[in-house]
Every structure is written in structure tokens, then in C-alpha cells.
Amino acid sequence: MIGMIFLKTGGMNFMSVKRLPHFEGCIVCGQKNPFGLKIPFFFDEEKKTVFADIIFEKHFIGYDNIIHGGIITTVLDESMAWINIEITLRMALTKTIRVNFLKPVKVDIKYRVESYIKERNDNKSLTYACLKDPEGHICAESEGEFILMSELRSKKMKEGLTF
């Protein structure tokens, strides 16, 4: 199946993971933005989560090889937007976001961002995301309220996605 990969998780258990589309010019997921992070996001159908692995480069630091908090917030926000898009099939706009920074995030280390929807109704959702280091420790976590766009507006916006 195009866009699907299968990861062996031990024994005979397999989980299905789908690579998500992107907007070419997006600062986070866009593959053609020369200043962007170019992060590919994936949807884990079994866990109902979105995730991405990230190695931050030096030009995203705020101070002394520590990644700027605004960059971290942007990555958490993007992950939460994608879980909303994937689960609800509607585009989502951030209404509010709250971030807790727990550990410094440094350059040249592989981190994983993960997100899921905590609760939702027809028009909005409450979403969670975290950024974990290679040992699985949470370095930053966020909670965001997202407004779900109409199906018609979502359909028009999705025409700009690259699969």
C-alpha cells in the first residue's frame, strides 16, 4: 500500500504506520522550504498518535547549543495539528497552546515528538504533545485547544497538500 510502512515491534506483532502529507512551504513539515525543519510526520493507526523523529540543527539554537523554545513550541504545535487532521479529517487551527519545558533540547540528538487527542466535540479538540529524548524522557510537553474547520474549507485547504 502506498504511503504505508510496517514496523516489526517484537515477535509477530506488527503495527501499521502511515506517512502524512505536507504543505510544501510549511516551516515545519514542508520539504521545499529552504529555512524549514523539513520534518516528516507519521500516523500510528494502532495507537492513534502522530509522531516524528527530529535531529535539530545548530541554526535553531537560542543559546549554547540549546534549541530555542519557540522552535520546540512550533514542532509541538505542528504535531498536534496533524493528529487533529488525521483523526477528524478536518483542518485544525490552534486556539491556545500551553508548553512546559522540562529539560534542555540540544543539537545533533535524535528526539521524538508524539501527539494525541485527549477529547473533542464537533467544533474543537483538546490535544496533547510531548518531545522525548532518546531515553524516553519528556523534554517538553504541550496541551492545545484546536478549532476544527468546516468540511468544505478543509477540503479546499487539503488540495494544497503533497502526498
# chains A, B, ... in the order shown; residues from 1 in each chain; ligands from 1
>>> select_by_dssp(residues="chain A", states="alpha helix (DSSP H)", output="list in words")
Gly69, Gly70, Ile71, Ile72, Thr73, Thr74, Val75, Leu76, Asp77, Glu78, Ser79, Met80, Ala81, Trp82, Ile83, Asn84, Ile85, Glu86, Ile87, Thr88, Glu151, Leu152, Arg153, Ser154, Lys155, Lys156, Met157 and Lys158 of chain A
>>> write_last_selection(atoms="C-alpha atoms", output="PDB file, in the first residue's frame")
ATOM      1  CA  GLY A  69      11.823  27.380  22.936  1.00  0.00           C
ATOM      2  CA  GLY A  70       9.885  28.917  20.063  1.00  0.00           C
ATOM      3  CA  ILE A  71      11.160  26.207  17.706  1.00  0.00           C
ATOM      4  CA  ILE A  72      10.191  23.497  20.200  1.00  0.00           C
ATOM      5  CA  THR A  73       6.737  25.049  20.612  1.00  0.00           C
ATOM      6  CA  THR A  74       6.313  25.167  16.838  1.00  0.00           C
ATOM      7  CA  VAL A  75       7.139  21.453  16.498  1.00  0.00           C
ATOM      8  CA  LEU A  76       4.706  20.504  19.291  1.00  0.00           C
ATOM      9  CA  ASP A  77       2.002  22.664  17.691  1.00  0.00           C
ATOM     10  CA  GLU A  78       2.527  21.082  14.258  1.00  0.00           C
ATOM     11  CA  SER A  79       2.282  17.570  15.676  1.00  0.00           C
ATOM     12  CA  MET A  80      -0.970  18.454  17.455  1.00  0.00           C
ATOM     13  CA  ALA A  81      -2.381  19.966  14.259  1.00  0.00           C
ATOM     14  CA  TRP A  82      -1.602  16.786  12.307  1.00  0.00           C
ATOM     15  CA  ILE A  83      -3.250  14.452  14.805  1.00  0.00           C
ATOM     16  CA  ASN A  84      -6.381  16.577  14.528  1.00  0.00           C
ATOM     17  CA  ILE A  85      -6.267  16.483  10.728  1.00  0.00           C
ATOM     18  CA  GLU A  86      -5.730  12.730  10.657  1.00  0.00           C
ATOM     19  CA  ILE A  87      -8.373  11.776  13.249  1.00  0.00           C
ATOM     20  CA  THR A  88     -11.109  14.268  12.355  1.00  0.00           C
ATOM     21  CA  GLU A 151     -15.527  20.116   5.918  1.00  0.00           C
ATOM     22  CA  LEU A 152     -15.811  22.396   2.877  1.00  0.00           C
ATOM     23  CA  ARG A 153     -12.969  24.689   3.973  1.00  0.00           C
ATOM     24  CA  SER A 154     -10.877  21.664   4.957  1.00  0.00           C
ATOM     25  CA  LYS A 155     -11.385  20.116   1.535  1.00  0.00           C
ATOM     26  CA  LYS A 156     -10.154  23.285  -0.173  1.00  0.00           C
ATOM     27  CA  MET A 157      -7.080  23.507   2.065  1.00  0.00           C
ATOM     28  CA  LYS A 158      -6.229  19.824   1.565  1.00  0.00           C
TER      29      LYS A 158
END
>>> residues_around(residues="A:His137", least_positions_apart="6", cutoff="12 Å", atoms="only C-alpha atoms", output="list in words")
Phe101, Leu102, Lys103, Pro104, Val105, Tyr111, Arg112, Val113, Cys130 and Leu131 of chain A
>>> write_last_selection(atoms="N, CA and C atoms", output="tab-separated table (two decimals), in the first residue's frame")
chain	number	residue	atom	x	y	z
A	101	PHE	N	8.47	23.37	29.55
A	101	PHE	CA	9.82	22.98	29.17
A	101	PHE	C	10.45	22.30	30.38
A	102	LEU	N	10.79	21.03	30.24
A	102	LEU	CA	11.24	20.24	31.38
A	102	LEU	C	12.74	19.95	31.36
A	103	LYS	N	13.32	19.79	30.17
A	103	LYS	CA	14.75	19.51	30.03
A	103	LYS	C	15.26	20.24	28.79
A	104	PRO	N	16.51	20.67	28.79
A	104	PRO	CA	17.05	21.31	27.59
A	104	PRO	C	17.02	20.36	26.39
A	105	VAL	N	16.71	20.90	25.24
A	105	VAL	CA	16.75	20.16	23.98
A	105	VAL	C	17.97	20.67	23.23
A	111	TYR	N	15.40	13.28	18.73
A	111	TYR	CA	14.23	13.41	19.60
A	111	TYR	C	13.01	12.88	18.87
A	112	ARG	N	11.97	12.56	19.62
A	112	ARG	CA	10.70	12.14	19.03
A	112	ARG	C	9.59	13.01	19.59
A	113	VAL	N	8.78	13.57	18.68
A	113	VAL	CA	7.57	14.28	19.07
A	113	VAL	C	6.41	13.32	18.86
A	130	CYS	N	4.22	15.78	23.21
A	130	CYS	CA	5.44	15.83	24.00
A	130	CYS	C	6.64	15.57	23.10
A	131	LEU	N	7.79	16.05	23.54
A	131	LEU	CA	9.05	15.84	22.86
A	131	LEU	C	9.93	15.03	23.80
>>> closest_residue(among="A:Asn121, A:Asn33, A:Asn65, A:Thr49", to="A:Lys106", atoms="only C-alpha atoms")
A:Asn65
>>> residues_around(residues="stretch 98-100 of chain A", least_positions_apart="2", cutoff="9 Å", atoms="only C-alpha atoms", output="PyMOL selection string")
chain A and resi 73+76+96+102+139-144
>>> write_last_selection(atoms="C-alpha atoms", output="tab-separated table (two decimals), in the first residue's frame")
chain	number	residue	atom	x	y	z
A	73	THR	CA	6.74	25.05	20.61
A	76	LEU	CA	4.71	20.50	19.29
A	96	THR	CA	-4.47	28.19	22.58
A	102	LEU	CA	11.24	20.24	31.38
A	139	CYS	CA	11.86	17.32	27.50
A	140	ALA	CA	8.82	19.46	26.64
A	141	GLU	CA	5.09	18.87	26.66
A	142	SER	CA	2.13	20.86	25.46
A	143	GLU	CA	-1.61	20.98	25.53
A	144	GLY	CA	-3.53	22.85	22.87
>>> select_by_dssp(residues="chain A", states="strand (DSSP E)", output="ChimeraX atom specification")
/A:4-8,14-19,22-23,42-44,49-55,61-63,66-67,92-101,110-120,124-132,138-148,161-162
>>> write_last_selection(atoms="C-alpha atoms", output="short mmCIF file (atom, residue, chain, number, x, y, z; two decimals), in the first residue's frame")
data_model
loop_
_atom_site.label_atom_id
_atom_site.label_comp_id
_atom_site.auth_asym_id
_atom_site.auth_seq_id
_atom_site.Cartn_x
_atom_site.Cartn_y
_atom_site.Cartn_z
CA MET A 4 2.33 2.78 4.48
CA ILE A 5 5.27 1.17 6.22
CA PHE A 6 5.20 -1.78 8.54
CA LEU A 7 7.35 -1.85 11.64
CA LYS A 8 8.13 -5.05 13.49
CA PHE A 14 3.19 -5.56 13.51
CA MET A 15 1.79 -2.06 13.56
CA SER A 16 0.76 -0.05 10.56
CA VAL A 17 2.27 3.41 10.23
CA LYS A 18 1.34 5.90 7.51
CA ARG A 19 3.46 8.83 6.37
CA HIS A 22 2.74 18.04 3.89
CA PHE A 23 2.38 21.60 2.65
CA PHE A 42 3.67 9.71 10.62
CA PHE A 43 0.35 8.39 11.90
CA ASP A 44 0.30 5.24 14.04
CA THR A 49 -0.95 9.03 17.57
CA VAL A 50 1.14 11.21 15.28
CA PHE A 51 4.91 11.12 15.66
CA ALA A 52 8.12 12.29 14.04
CA ASP A 53 11.81 11.85 14.74
CA ILE A 54 13.85 15.04 14.74
CA ILE A 55 17.51 15.97 14.92
CA ILE A 61 19.57 27.28 18.85
CA GLY A 62 18.65 30.04 21.23
CA TYR A 63 21.79 29.80 23.36
CA ILE A 66 20.11 24.59 23.34
CA ILE A 67 17.22 24.68 20.86
CA ALA A 92 -7.41 22.47 12.55
CA LEU A 93 -6.28 25.87 13.79
CA THR A 94 -4.57 26.47 17.11
CA LYS A 95 -6.70 28.49 19.52
CA THR A 96 -4.47 28.19 22.58
CA ILE A 97 -1.27 26.34 23.40
CA ARG A 98 0.49 25.86 26.72
CA VAL A 99 4.02 24.45 26.86
CA ASN A 100 6.06 23.14 29.77
CA PHE A 101 9.82 22.98 29.17
CA LYS A 110 17.52 12.44 17.95
CA TYR A 111 14.23 13.41 19.60
CA ARG A 112 10.70 12.14 19.03
CA VAL A 113 7.57 14.28 19.07
CA GLU A 114 4.29 12.46 19.73
CA SER A 115 0.72 13.74 19.92
CA TYR A 116 -2.80 12.51 20.55
CA ILE A 117 -6.28 13.93 21.03
CA LYS A 118 -7.41 13.99 24.67
CA GLU A 119 -11.02 14.98 23.95
CA ARG A 120 -13.06 16.52 21.17
CA LYS A 124 -12.90 21.76 18.77
CA SER A 125 -10.43 19.42 20.40
CA LEU A 126 -8.05 19.31 23.33
CA THR A 127 -4.75 17.84 22.19
CA TYR A 128 -1.50 16.76 23.89
CA ALA A 129 2.05 16.54 22.52
CA CYS A 130 5.44 15.83 24.00
CA LEU A 131 9.05 15.84 22.86
CA LYS A 132 11.14 12.93 24.17
CA ILE A 138 9.94 14.11 28.25
CA CYS A 139 11.86 17.32 27.50
CA ALA A 140 8.82 19.46 26.64
CA GLU A 141 5.09 18.87 26.66
CA SER A 142 2.13 20.86 25.46
CA GLU A 143 -1.61 20.98 25.53
CA GLY A 144 -3.53 22.85 22.87
CA GLU A 145 -7.09 23.71 22.07
CA PHE A 146 -7.79 23.45 18.35
CA ILE A 147 -10.69 24.78 16.32
CA LEU A 148 -11.82 22.32 13.65
CA LEU A 161 -1.14 19.02 0.37
CA THR A 162 1.62 16.95 -1.21
#
>>> atom_distance(atom1="atom CA of A:Pro21", atom2="atom CA of A:Ser150")
19.5 Å
